[in-house]
Amino acid sequence: MTSSIELADGRLLLDGVPSVLLCSSAFPFRIPSTQWAHRLDLVRDSGYRMIDVYVHWGFHEPTPGRIDLTSPERDLRRFLDLAAERDLLVMARPGPYICSETDGGGLPWWLHGDAPGAPAGLRTSDPDYLAAVDRWFGAVMPVLAEVQVTRGGPVAFVQIENELDFFDCPDPEEYMSHLAGRTRAHGIEVPIIACAGQGDLSGASGDAEGVVPTVNLYPDDASGSFDEETRRYAGVLADRGLPLMVTETNRLHRTLRREILAGARLVAPYLQTSGFDHLVLPSAGNWGDPGNLMTHDYDFGGYISPDGRRTPEYDEAIALGATLAAWGERLATATPQPLPTDRIDGIRTGGALALDGGGTLLGPAELTGLDVPVRLARAGVDAVVPAGTCPFWALEVPLAPWGAQGMLELATAELVGVERADGVLHLAFEGGPGALIELVLPAADGGSEVVRLAAPGESASQHALDPVRVTLRERAGSLADPAPASRAAAGLMLPLQGALDEAGTDHDPTPGLRGAEALGLADGRVRAELELSAQAQEVLLLGAADLVRLTLDGVDHGVHVAHGAPIGLPLASGAPHLLRVDAEIWGRANFDDARRPALRLGAGRGPGIVLEVRDVSDVTDLWEVRELPDRRADGVLACPPLRGLGGWSSANPGSWTVYARTLTLPGRGLRAVLRLPGLAVPVHVRVQDGPEQLVVPDAPVLLLPEGEGPLEMRVRAPHVPGGLVARAELLITAAPALRSLRTTTEAQLAVRAAELADGAGEDLSPLPAGPLRIGAGTPVLIQLDPLEGDGGGELLEIAGEDVEVTVLSGDRRISRHVLGQPSVAGGDARRSWVPASWPTEAASTLLLLVEAIAPGGGMFRGAKRARTDR
């Protein structure tokens, strides 16, 4: 096992030897503990020499002050020991924030929302937050310290924080210095690293003393400029005496090859070893469409599937690992340079490495999906770059560093083995049809001899002065594991019609409506029943998340996935109404997205603020135009004109204008809300002398302070040709009467579903072979027949539209699936996997809880099932 690691002179040194490392993510909280060894075996056999391990704080401290690092699914030391047994180095990443598209980015649920004691500032030097972090570091860092490479273990790097440059941390130097200080205080001796998510090395590391910046690169795999971008980071870090370490990147090995050619000395494709969010929640609204949900199936197309099968990319891993091992120190000390157009003609993407002691590795990258004919100019050789590849070709490489005389003049096959035994240098190459190897070896008469080998085939050349044996072979066949055969599911079904309502815990509604975190709910559902007065014209929910179902006077209005954006329902006035709000937690945001209020790190989950709207006033007009920074020397108008909000015309679209108007607060227990329907762009609103608040198109509302009397509003907005807003409204609202408040954990839901299935008797009916219509508000429980065959896990592929399907077994939720709307990201929304180690005699039956999402109901189209061997 490696005993020392050093970053010096732009190199990564393992036991003093310059090295290039391939690193696969492998997260124990996403892999059943009974299969940790299997996944680590696959990583080792792929040729990768390191794993990166996120340590999920929220997973290990589900209750404040009770940190679990030793129970079977949370035994961090056991996982690290398994890695050490396989000679795998470890990049440990204990956060406190890890991102990873997981609940709150790994920050525990009790740091979010209105949970008791939740700090005001996450990922900052807020003292309450740092006190919680210090407790976490005090538990996890000693475990990592015990198994550092300096003490005979596998931990080679410890990363603190994660892509802090994506987060507007107000004090990165102070914050990161604190984390680094606590890390060292707990005995960490190996390099401490901090990764930059968008290239801001200072913003990510805080330039804290002793913290090494690394870079995460997620390019378009077909980008033609990516090589230059990577070389730029390699140069910046080399000026600091550091190697470029790409701590996250894409899975495609063509891209990884380009990074190595551009100077990367550690390349860690993110999620080569895929997983499943069985034991943790995924995040919500992480990418692209801000209304999306991350899937429980966590798979970005890496070389190991979530259920442990090898994919075609696994073969590419073996090939790259072999060529890196063969070139070894010579590649690790090479100097990156652009692809030399005087050496190769016909392709312009890729890179090259100038080897110490002479010679070049060419890496032409084919990005179009077509074979590309090229000409190696000085060698006068025509060759082909196969579609979708980036081969490492050797030019004019001296054999002397391998203890032999002569020159490897040309190789358009890849070097995959170097061995010197009994005075003979053995060079092994792999290449397809047309691959060529040319060596210049000393001849007995003192001259030289040219030896040329063409693929496919095998040949050897012996020379009396300095024997060299060359083997040229074709690549081995695919190691990818086929998907298991599946069949349609059969079983029984039970319409529930409110039978699940008996599950859960009632809370005293007297203190008012509270979020999930304030009610002690980490994962599950909150139900609030409210009475709206006869004066109500509309009901308005602010900040509600994640899956929010509204039932008004017994009529189901479907599920809204607004992520905190306002949800409104018009009301017929003149009579009271009964409203039920069911808010289901999918997962807390792990990334700040200003487009939706609940996609802010730290935002809570639940029904949010529920208001009944009693009056609506049009306040679109009579705004004073106060400031025109680009039209007046001092920016202030002596006699402000009156215009509609956003109505000041300008010849400079995008120029900023400040509008002001005094509005009157209602008092008497009422709240005012400023609503800006049709808002075109984000604007900044200042209330009296308070700080500016951002109001965005997806959530164009601002809850005004409580009180009575005049209140000055100032809106700073850019000029938008065509109009800033459709109108501006002042809503007068009141809080409706809260009649009941209940929480249901996922375990309570699973137990209740099992009870209903066990006691259903003759109420169970056969599951139809065709589509099953699911009515709004009338879920169906499906009990699947036992799957044929002994042992093994089970894969399910669920089909349907506008339904949510929860897979249950015993008191355990296996997975959740939203099919149809809203959108999902991160993996296959249809796929579930039940590991072989999970079913027990007491909980061997799989149940599917199917609920409609749309007001008009949804469609369940069945499930396919297959037995896996794990």
# chains A, B, ... in the order shown; residues from 1 in each chain; ligands from 1
$ residues_around --residues "Leu111 (chain A)" --least-positions-apart "2" --cutoff "10 Å" --atoms "only C-alpha atoms" --output "MDAnalysis selection string"
chainID A and resid 58 64 104 107:109 113:122 128:129 132 517 601:604
$ residues_around --residues "Leu320 (chain A)" --least-positions-apart "3" --cutoff "12 Å" --atoms "only C-alpha atoms" --output "CSV table (one decimal) with N, CA, C and O atoms, in the first residue's frame"
chain,number,residue,atom,x,y,z
A,20,VAL,N,0.0,9.0,-12.4
A,20,VAL,CA,-1.3,9.5,-12.9
A,20,VAL,C,-2.4,8.6,-12.3
A,20,VAL,O,-2.2,7.3,-12.4
A,21,LEU,N,-3.4,9.1,-11.7
A,21,LEU,CA,-4.4,8.3,-11.0
A,21,LEU,C,-5.8,8.4,-11.7
A,21,LEU,O,-6.2,9.5,-12.0
A,22,LEU,N,-6.4,7.3,-11.9
A,22,LEU,CA,-7.8,7.3,-12.3
A,22,LEU,C,-8.6,6.9,-11.0
A,22,LEU,O,-8.3,6.0,-10.2
A,46,SER,N,-11.0,-2.7,-12.9
A,46,SER,CA,-11.1,-1.8,-14.0
A,46,SER,C,-9.8,-1.1,-14.3
A,46,SER,O,-9.7,-0.5,-15.4
A,47,GLY,N,-8.9,-1.2,-13.4
A,47,GLY,CA,-7.6,-0.5,-13.6
A,47,GLY,C,-7.5,0.8,-12.9
A,47,GLY,O,-6.5,1.5,-12.8
A,48,TYR,N,-8.6,1.3,-12.3
A,48,TYR,CA,-8.6,2.5,-11.5
A,48,TYR,C,-7.9,2.2,-10.1
A,48,TYR,O,-8.1,1.1,-9.6
A,49,ARG,N,-7.2,3.2,-9.7
A,49,ARG,CA,-6.4,2.9,-8.4
A,49,ARG,C,-6.9,3.7,-7.2
A,49,ARG,O,-6.3,3.7,-6.2
A,252,LEU,N,-17.2,9.6,-19.8
A,252,LEU,CA,-16.7,9.1,-21.1
A,252,LEU,C,-15.1,9.0,-21.1
A,252,LEU,O,-14.5,10.1,-20.9
A,253,HIS,N,-14.6,7.9,-21.4
A,253,HIS,CA,-13.1,7.7,-21.3
A,253,HIS,C,-12.4,8.5,-22.4
A,253,HIS,O,-11.2,8.9,-22.2
A,254,ARG,N,-13.0,8.8,-23.5
A,254,ARG,CA,-12.4,9.7,-24.5
A,254,ARG,C,-12.1,11.1,-23.9
A,254,ARG,O,-11.1,11.7,-24.1
A,255,THR,N,-13.1,11.6,-23.1
A,255,THR,CA,-12.9,12.8,-22.4
A,255,THR,C,-11.8,12.7,-21.3
A,255,THR,O,-11.0,13.6,-21.2
A,256,LEU,N,-11.8,11.6,-20.6
A,256,LEU,CA,-10.7,11.5,-19.6
A,256,LEU,C,-9.3,11.4,-20.2
A,256,LEU,O,-8.4,12.0,-19.7
A,257,ARG,N,-9.2,10.8,-21.4
A,257,ARG,CA,-7.9,10.8,-22.1
A,257,ARG,C,-7.5,12.2,-22.5
A,257,ARG,O,-6.3,12.6,-22.4
A,258,ARG,N,-8.5,13.0,-22.9
A,258,ARG,CA,-8.1,14.4,-23.3
A,258,ARG,C,-7.6,15.2,-22.1
A,258,ARG,O,-6.7,16.0,-22.2
A,260,ILE,N,-6.0,13.9,-19.5
A,260,ILE,CA,-4.7,13.5,-19.2
A,260,ILE,C,-3.7,14.1,-20.2
A,260,ILE,O,-2.6,14.6,-19.8
A,267,VAL,N,-7.6,12.1,-12.4
A,267,VAL,CA,-8.8,12.3,-13.1
A,267,VAL,C,-9.9,11.4,-12.5
A,267,VAL,O,-9.8,10.2,-12.4
A,313,GLU,N,-18.7,1.0,-21.0
A,313,GLU,CA,-17.6,1.9,-20.7
A,313,GLU,C,-16.6,1.3,-19.8
A,313,GLU,O,-15.4,1.7,-19.7
A,314,TYR,N,-17.0,0.2,-19.2
A,314,TYR,CA,-16.0,-0.6,-18.3
A,314,TYR,C,-14.8,-1.1,-19.1
A,314,TYR,O,-13.7,-1.1,-18.7
A,315,ASP,N,-15.1,-1.5,-20.4
A,315,ASP,CA,-14.0,-2.0,-21.2
A,315,ASP,C,-13.0,-0.8,-21.5
A,315,ASP,O,-11.8,-1.0,-21.6
A,316,GLU,N,-13.6,0.4,-21.7
A,316,GLU,CA,-12.7,1.5,-22.0
A,316,GLU,C,-11.9,1.9,-20.7
A,316,GLU,O,-10.7,2.3,-20.8
A,317,ALA,N,-12.4,1.6,-19.6
A,317,ALA,CA,-11.6,1.8,-18.3
A,317,ALA,C,-10.4,0.9,-18.3
A,317,ALA,O,-9.3,1.3,-18.0
A,323,THR,N,-2.9,1.3,-20.4
A,323,THR,CA,-1.9,2.1,-21.1
A,323,THR,C,-1.2,3.1,-20.1
A,323,THR,O,-0.1,3.4,-20.2
A,324,LEU,N,-2.0,3.6,-19.1
A,324,LEU,CA,-1.4,4.4,-18.1
A,324,LEU,C,-0.4,3.7,-17.3
A,324,LEU,O,0.7,4.2,-16.9
A,325,ALA,N,-0.7,2.4,-16.9
A,325,ALA,CA,0.3,1.6,-16.2
A,325,ALA,C,1.5,1.3,-17.0
A,325,ALA,O,2.7,1.3,-16.5
A,326,ALA,N,1.3,1.1,-18.3
A,326,ALA,CA,2.5,0.8,-19.2
A,326,ALA,C,3.4,2.0,-19.3
A,326,ALA,O,4.7,1.9,-19.2
A,327,TRP,N,2.9,3.2,-19.5
A,327,TRP,CA,3.7,4.4,-19.7
A,327,TRP,C,4.3,4.8,-18.3
A,327,TRP,O,5.4,5.4,-18.3
A,328,GLY,N,3.5,4.7,-17.3
A,328,GLY,CA,3.9,4.9,-15.9
A,328,GLY,C,4.5,6.3,-15.7
A,328,GLY,O,3.9,7.3,-16.1
A,389,THR,N,-13.1,8.0,-30.5
A,389,THR,CA,-11.9,7.6,-29.7
A,389,THR,C,-10.9,8.7,-29.5
A,389,THR,O,-11.0,9.8,-30.2
A,390,CYS,N,-10.0,8.5,-28.6
A,390,CYS,CA,-8.9,9.4,-28.5
A,390,CYS,C,-7.7,8.5,-28.1
A,390,CYS,O,-7.3,8.4,-26.9
A,391,PRO,N,-7.1,7.9,-29.1
A,391,PRO,CA,-6.0,6.9,-28.8
A,391,PRO,C,-4.7,7.7,-28.4
A,391,PRO,O,-4.5,8.8,-28.7
A,392,PHE,N,-3.8,6.9,-27.7
A,392,PHE,CA,-2.5,7.4,-27.4
A,392,PHE,C,-1.5,6.8,-28.4
A,392,PHE,O,-1.3,5.6,-28.3
A,414,GLU,N,-2.0,1.0,-29.1
A,414,GLU,CA,-1.7,1.5,-27.8
A,414,GLU,C,-0.8,0.6,-27.0
A,414,GLU,O,-1.0,-0.6,-27.0
A,415,LEU,N,0.2,1.2,-26.3
A,415,LEU,CA,1.1,0.4,-25.4
A,415,LEU,C,0.3,0.1,-24.2
A,415,LEU,O,-0.2,0.9,-23.5
A,416,VAL,N,0.3,-1.2,-23.9
A,416,VAL,CA,-0.5,-1.7,-22.7
A,416,VAL,C,0.3,-2.5,-21.7
A,416,VAL,O,-0.2,-3.0,-20.7
A,417,GLY,N,1.6,-2.7,-22.1
A,417,GLY,CA,2.4,-3.5,-21.2
A,417,GLY,C,3.9,-3.3,-21.4
A,417,GLY,O,4.3,-3.3,-22.6
A,430,GLU,N,-2.0,-3.0,-28.1
A,430,GLU,CA,-3.3,-3.4,-28.6
A,430,GLU,C,-3.7,-2.5,-29.7
A,430,GLU,O,-3.6,-1.2,-29.5
A,475,ARG,N,-7.9,-5.8,-29.2
A,475,ARG,CA,-8.5,-5.6,-27.9
A,475,ARG,C,-9.4,-6.8,-27.6
A,475,ARG,O,-10.0,-7.4,-28.4
$ residues_around --residues "Leu12 (chain A)" --least-positions-apart "2" --cutoff "9 Å" --atoms "only C-alpha atoms" --output "list in words"
Ile5, Glu6, Leu7, Ala8, Asp9, Gly10, Leu14, Gly16, Val17, Pro18, Ser19, Val20, Leu21, Leu242, Pro243, Leu244, Met245, Arg265, Leu266 and Ala332 of chain A
$ residues_around --residues "Ala757 (chain A)" --least-positions-apart "3" --cutoff "12 Å" --atoms "only C-alpha atoms" --output "compact mmCIF listing (two decimals) with all heavy atoms, in the first residue's frame"
# COMPACT_ATOMS: atom_id res chain seq x y z
N GLY A 491 -50.15 -9.60 -9.78
CA GLY A 491 -50.42 -9.45 -8.36
C GLY A 491 -51.86 -9.10 -8.11
O GLY A 491 -52.74 -9.29 -8.96
N LEU A 492 -52.11 -8.57 -6.91
CA LEU A 492 -53.44 -8.20 -6.47
C LEU A 492 -53.46 -6.71 -6.15
O LEU A 492 -52.42 -6.12 -5.84
CB LEU A 492 -53.82 -9.01 -5.23
CG LEU A 492 -53.81 -10.54 -5.38
CD1 LEU A 492 -54.02 -11.21 -4.04
CD2 LEU A 492 -54.85 -11.00 -6.39
N MET A 493 -54.65 -6.11 -6.19
CA MET A 493 -54.74 -4.68 -5.92
C MET A 493 -55.87 -4.40 -4.95
O MET A 493 -56.84 -5.16 -4.83
CB MET A 493 -54.93 -3.90 -7.22
CG MET A 493 -56.24 -4.13 -7.92
SD MET A 493 -56.39 -3.09 -9.39
CE MET A 493 -58.11 -3.35 -9.80
N LEU A 494 -55.71 -3.25 -4.25
CA LEU A 494 -56.69 -2.84 -3.25
C LEU A 494 -56.88 -1.33 -3.35
O LEU A 494 -55.96 -0.57 -3.08
CB LEU A 494 -56.18 -3.20 -1.85
CG LEU A 494 -57.00 -2.71 -0.65
CD1 LEU A 494 -58.36 -3.43 -0.61
CD2 LEU A 494 -56.24 -2.92 0.65
N PRO A 495 -58.09 -0.84 -3.74
CA PRO A 495 -58.36 0.60 -3.68
C PRO A 495 -58.38 1.05 -2.22
O PRO A 495 -58.99 0.40 -1.37
CB PRO A 495 -59.74 0.74 -4.33
CG PRO A 495 -59.95 -0.54 -5.08
CD PRO A 495 -59.21 -1.59 -4.32
N LEU A 496 -57.70 2.15 -1.92
CA LEU A 496 -57.53 2.56 -0.52
C LEU A 496 -58.61 3.52 -0.05
O LEU A 496 -59.11 3.40 1.07
CB LEU A 496 -56.15 3.17 -0.32
CG LEU A 496 -54.97 2.21 -0.55
CD1 LEU A 496 -53.66 2.90 -0.28
CD2 LEU A 496 -55.10 0.97 0.32
N ALA A 499 -57.95 5.01 3.36
CA ALA A 499 -57.52 4.07 4.40
C ALA A 499 -56.13 4.40 4.94
O ALA A 499 -55.80 4.02 6.06
CB ALA A 499 -57.55 2.65 3.86
N LEU A 500 -55.31 5.10 4.16
CA LEU A 500 -53.98 5.46 4.66
C LEU A 500 -54.02 6.59 5.68
O LEU A 500 -53.04 6.85 6.35
CB LEU A 500 -53.08 5.88 3.48
CG LEU A 500 -52.55 4.77 2.57
CD1 LEU A 500 -51.75 5.39 1.43
CD2 LEU A 500 -51.67 3.80 3.35
N ALA A 750 -45.38 2.92 5.26
CA ALA A 750 -45.09 1.56 4.82
C ALA A 750 -45.77 0.53 5.72
O ALA A 750 -46.33 -0.46 5.25
CB ALA A 750 -43.58 1.33 4.78
N VAL A 751 -45.73 0.76 7.02
CA VAL A 751 -46.35 -0.17 7.96
C VAL A 751 -47.86 -0.21 7.74
O VAL A 751 -48.48 -1.29 7.72
CB VAL A 751 -46.02 0.23 9.41
CG1 VAL A 751 -46.89 -0.55 10.39
CG2 VAL A 751 -44.55 -0.01 9.70
N ARG A 752 -48.47 0.96 7.56
CA ARG A 752 -49.91 1.00 7.35
C ARG A 752 -50.29 0.29 6.05
O ARG A 752 -51.28 -0.46 5.99
CB ARG A 752 -50.39 2.44 7.32
CG ARG A 752 -51.88 2.63 7.08
CD ARG A 752 -52.70 1.91 8.12
NE ARG A 752 -54.13 2.06 7.90
CZ ARG A 752 -55.05 1.22 8.33
NH1 ARG A 752 -54.69 0.16 9.04
NH2 ARG A 752 -56.32 1.45 8.10
N ALA A 753 -49.50 0.49 5.00
CA ALA A 753 -49.79 -0.19 3.73
C ALA A 753 -49.70 -1.70 3.90
O ALA A 753 -50.54 -2.45 3.37
CB ALA A 753 -48.82 0.29 2.66
N ALA A 754 -48.69 -2.18 4.64
CA ALA A 754 -48.56 -3.63 4.87
C ALA A 754 -49.75 -4.16 5.67
O ALA A 754 -50.25 -5.25 5.39
CB ALA A 754 -47.25 -3.91 5.60
N ALA A 760 -56.65 -7.33 3.97
CA ALA A 760 -57.62 -7.02 2.91
C ALA A 760 -58.56 -8.17 2.62
O ALA A 760 -59.73 -7.98 2.29
CB ALA A 760 -56.89 -6.61 1.64
N GLY A 761 -58.06 -9.39 2.71
CA GLY A 761 -58.91 -10.56 2.45
C GLY A 761 -59.53 -10.52 1.07
O GLY A 761 -58.85 -10.39 0.05
N GLU A 762 -60.86 -10.63 1.04
CA GLU A 762 -61.56 -10.70 -0.24
C GLU A 762 -61.62 -9.36 -0.95
O GLU A 762 -62.08 -9.30 -2.10
CB GLU A 762 -62.99 -11.21 0.00
CG GLU A 762 -63.03 -12.65 0.52
CD GLU A 762 -64.45 -13.13 0.75
OE1 GLU A 762 -65.39 -12.31 0.55
OE2 GLU A 762 -64.64 -14.30 1.10
N ASP A 763 -61.19 -8.29 -0.29
CA ASP A 763 -61.20 -6.98 -0.96
C ASP A 763 -60.12 -6.87 -2.03
O ASP A 763 -60.14 -5.96 -2.86
CB ASP A 763 -61.01 -5.86 0.06
CG ASP A 763 -62.21 -5.73 0.99
OD1 ASP A 763 -63.32 -6.11 0.57
OD2 ASP A 763 -62.03 -5.26 2.13
N LEU A 764 -59.13 -7.76 -1.98
CA LEU A 764 -58.09 -7.76 -3.00
C LEU A 764 -58.65 -8.33 -4.30
O LEU A 764 -59.36 -9.34 -4.29
CB LEU A 764 -56.89 -8.61 -2.55
CG LEU A 764 -56.01 -8.01 -1.45
CD1 LEU A 764 -55.07 -9.08 -0.91
CD2 LEU A 764 -55.22 -6.82 -1.96
N SER A 765 -58.34 -7.68 -5.42
CA SER A 765 -58.77 -8.16 -6.73
C SER A 765 -57.56 -8.30 -7.64
O SER A 765 -56.53 -7.65 -7.41
CB SER A 765 -59.79 -7.20 -7.35
OG SER A 765 -59.24 -5.89 -7.46
N VAL A 780 -54.24 3.41 -5.03
CA VAL A 780 -54.40 1.96 -5.14
C VAL A 780 -53.14 1.30 -4.61
O VAL A 780 -52.02 1.74 -4.91
CB VAL A 780 -54.66 1.54 -6.61
CG1 VAL A 780 -54.62 0.03 -6.76
CG2 VAL A 780 -56.00 2.09 -7.09
N LEU A 781 -53.33 0.26 -3.80
CA LEU A 781 -52.21 -0.53 -3.28
C LEU A 781 -52.14 -1.83 -4.06
O LEU A 781 -53.14 -2.56 -4.17
CB LEU A 781 -52.42 -0.81 -1.80
CG LEU A 781 -51.26 -1.48 -1.06
CD1 LEU A 781 -50.04 -0.57 -1.05
CD2 LEU A 781 -51.67 -1.85 0.35
N ILE A 782 -50.95 -2.12 -4.62
CA ILE A 782 -50.75 -3.32 -5.44
C ILE A 782 -49.77 -4.23 -4.71
O ILE A 782 -48.67 -3.80 -4.31
CB ILE A 782 -50.21 -2.96 -6.83
CG1 ILE A 782 -51.25 -2.12 -7.58
CG2 ILE A 782 -49.85 -4.21 -7.62
CD1 ILE A 782 -50.75 -1.54 -8.88
N GLN A 783 -50.18 -5.48 -4.52
CA GLN A 783 -49.32 -6.49 -3.91
C GLN A 783 -48.81 -7.41 -5.00
O GLN A 783 -49.59 -8.13 -5.64
CB GLN A 783 -50.10 -7.28 -2.86
CG GLN A 783 -49.31 -8.39 -2.18
CD GLN A 783 -50.12 -9.09 -1.12
OE1 GLN A 783 -50.39 -8.54 -0.07
NE2 GLN A 783 -50.54 -10.31 -1.42
N LEU A 784 -47.49 -7.39 -5.24
CA LEU A 784 -46.92 -8.18 -6.33
C LEU A 784 -46.76 -9.63 -5.91
O LEU A 784 -46.41 -9.93 -4.76
CB LEU A 784 -45.56 -7.60 -6.74
CG LEU A 784 -45.55 -6.18 -7.31
CD1 LEU A 784 -44.14 -5.78 -7.68
CD2 LEU A 784 -46.47 -6.05 -8.51
N LEU A 808 -42.65 -0.42 -1.65
CA LEU A 808 -42.55 -0.66 -0.21
C LEU A 808 -42.28 -2.12 0.06
O LEU A 808 -42.72 -3.00 -0.68
CB LEU A 808 -43.85 -0.25 0.48
CG LEU A 808 -44.34 1.19 0.28
CD1 LEU A 808 -45.79 1.32 0.71
CD2 LEU A 808 -43.46 2.16 1.05
N SER A 809 -41.60 -2.38 1.17
CA SER A 809 -41.43 -3.74 1.66
C SER A 809 -41.29 -3.68 3.17
O SER A 809 -40.37 -3.03 3.69
CB SER A 809 -40.19 -4.40 1.05
OG SER A 809 -40.01 -5.71 1.56
N GLY A 810 -42.22 -4.32 3.89
CA GLY A 810 -42.19 -4.25 5.34
C GLY A 810 -42.36 -2.82 5.81
O GLY A 810 -43.31 -2.14 5.43
N THR A 845 -42.79 -9.40 0.79
CA THR A 845 -43.76 -8.99 -0.22
C THR A 845 -43.48 -7.57 -0.67
O THR A 845 -43.28 -6.68 0.16
CB THR A 845 -45.19 -9.08 0.34
OG1 THR A 845 -45.44 -10.42 0.75
CG2 THR A 845 -46.21 -8.67 -0.70
N LEU A 846 -43.49 -7.37 -1.96
CA LEU A 846 -43.34 -6.02 -2.51
C LEU A 846 -44.71 -5.40 -2.72
O LEU A 846 -45.61 -6.03 -3.30
CB LEU A 846 -42.57 -6.04 -3.83
CG LEU A 846 -41.06 -6.19 -3.76
CD1 LEU A 846 -40.47 -6.07 -5.15
CD2 LEU A 846 -40.43 -5.17 -2.84
N LEU A 847 -44.86 -4.16 -2.25
CA LEU A 847 -46.10 -3.42 -2.43
C LEU A 847 -45.81 -2.18 -3.27
O LEU A 847 -44.75 -1.55 -3.12
CB LEU A 847 -46.67 -2.99 -1.08
CG LEU A 847 -47.04 -4.11 -0.10
CD1 LEU A 847 -47.49 -3.50 1.23
CD2 LEU A 847 -48.13 -5.00 -0.67
N LEU A 848 -46.75 -1.83 -4.13
CA LEU A 848 -46.68 -0.59 -4.90
C LEU A 848 -47.86 0.28 -4.48
O LEU A 848 -49.01 -0.11 -4.63
CB LEU A 848 -46.75 -0.86 -6.40
CG LEU A 848 -45.76 -1.84 -7.01
CD1 LEU A 848 -45.95 -1.92 -8.52
CD2 LEU A 848 -44.33 -1.48 -6.67
N LEU A 849 -47.55 1.46 -3.95
CA LEU A 849 -48.58 2.44 -3.64
C LEU A 849 -48.65 3.40 -4.82
O LEU A 849 -47.68 4.12 -5.09
CB LEU A 849 -48.25 3.19 -2.35
CG LEU A 849 -49.16 4.36 -1.98
CD1 LEU A 849 -50.59 3.89 -1.77
CD2 LEU A 849 -48.64 5.09 -0.75
$ residues_around --residues "Met713 (chain A)" --least-positions-apart "5" --cutoff "10 Å" --atoms "only C-alpha atoms" --output "short mmCIF file (atom, residue, chain, number, x, y, z; two decimals) with N, CA, C and O atoms, in the first residue's frame"
data_model
loop_
_atom_site.label_atom_id
_atom_site.label_comp_id
_atom_site.auth_asym_id
_atom_site.auth_seq_id
_atom_site.Cartn_x
_atom_site.Cartn_y
_atom_site.Cartn_z
N TRP A 623 -46.46 55.15 -9.90
CA TRP A 623 -45.12 54.94 -9.35
C TRP A 623 -44.23 56.11 -9.75
O TRP A 623 -44.21 56.51 -10.92
N TYR A 659 -38.29 52.75 -9.22
CA TYR A 659 -39.67 53.21 -9.09
C TYR A 659 -40.04 53.18 -7.60
O TYR A 659 -39.63 52.27 -6.87
N ALA A 660 -40.83 54.17 -7.18
CA ALA A 660 -41.22 54.22 -5.77
C ALA A 660 -42.71 54.54 -5.66
O ALA A 660 -43.27 55.31 -6.44
N ARG A 661 -43.33 53.91 -4.65
CA ARG A 661 -44.73 54.19 -4.36
C ARG A 661 -45.00 53.82 -2.90
O ARG A 661 -44.43 52.87 -2.38
N THR A 662 -45.87 54.61 -2.27
CA THR A 662 -46.27 54.32 -0.89
C THR A 662 -47.56 53.52 -0.90
O THR A 662 -48.56 53.93 -1.50
N LEU A 663 -47.51 52.36 -0.26
CA LEU A 663 -48.67 51.51 -0.11
C LEU A 663 -49.10 51.50 1.36
O LEU A 663 -48.30 51.83 2.24
N LEU A 674 -47.45 42.00 -2.10
CA LEU A 674 -47.26 42.62 -3.40
C LEU A 674 -47.11 41.50 -4.42
O LEU A 674 -46.24 40.64 -4.29
N VAL A 685 -36.49 44.67 -4.76
CA VAL A 685 -37.49 45.46 -4.04
C VAL A 685 -36.95 45.81 -2.65
O VAL A 685 -36.48 44.93 -1.93
N ARG A 686 -37.05 47.09 -2.32
CA ARG A 686 -36.66 47.55 -0.99
C ARG A 686 -37.90 48.06 -0.27
O ARG A 686 -38.66 48.88 -0.80
N VAL A 687 -38.14 47.56 0.93
CA VAL A 687 -39.28 47.97 1.74
C VAL A 687 -38.77 48.90 2.85
O VAL A 687 -37.94 48.50 3.67
N GLN A 688 -39.25 50.16 2.80
CA GLN A 688 -38.75 51.19 3.72
C GLN A 688 -37.22 51.26 3.60
O GLN A 688 -36.70 51.37 2.50
N ASP A 689 -36.51 51.14 4.71
CA ASP A 689 -35.05 51.22 4.67
C ASP A 689 -34.40 49.84 4.81
O ASP A 689 -33.21 49.74 5.15
N LEU A 704 -45.36 41.40 2.66
CA LEU A 704 -44.94 42.64 3.29
C LEU A 704 -45.01 42.51 4.81
O LEU A 704 -45.70 41.63 5.35
#
$ atom_distance --atom1 "CA of Gly723 (chain A)" --atom2 "CA of Ala680 (chain A)"
7.5 Å
$ closest_atom_pairs --of "region 74-162 of chain A" --to "region 189-195 of chain A" --cutoff "9 Å" --atoms "only C-alpha atoms" --output "Markdown table"
| residue | atom | partner | partner_atom | distance |
| --- | --- | --- | --- | --- |
| A:Ala145 | CA | A:Glu189 | CA | 7.6 |
| A:Gln148 | CA | A:Val190 | CA | 7.0 |
| A:Val149 | CA | A:Val190 | CA | 7.6 |
| A:Thr150 | CA | A:Val190 | CA | 7.3 |
| A:Val155 | CA | A:Val190 | CA | 7.8 |
| A:Ala156 | CA | A:Val190 | CA | 5.9 |
| A:Phe157 | CA | A:Pro191 | CA | 5.3 |
| A:Val158 | CA | A:Ile192 | CA | 5.0 |
| A:Gln159 | CA | A:Ile193 | CA | 4.6 |
| A:Ile160 | CA | A:Ala194 | CA | 5.7 |
| A:Glu161 | CA | A:Ala194 | CA | 6.5 |
| A:Asn162 | CA | A:Cys195 | CA | 5.9 |
$ closest_residue --among "A:Leu410, A:Leu749, A:Ala208, A:Ala534" --to "Asp171 (chain A)" --atoms "only C-alpha atoms"
A:Ala208
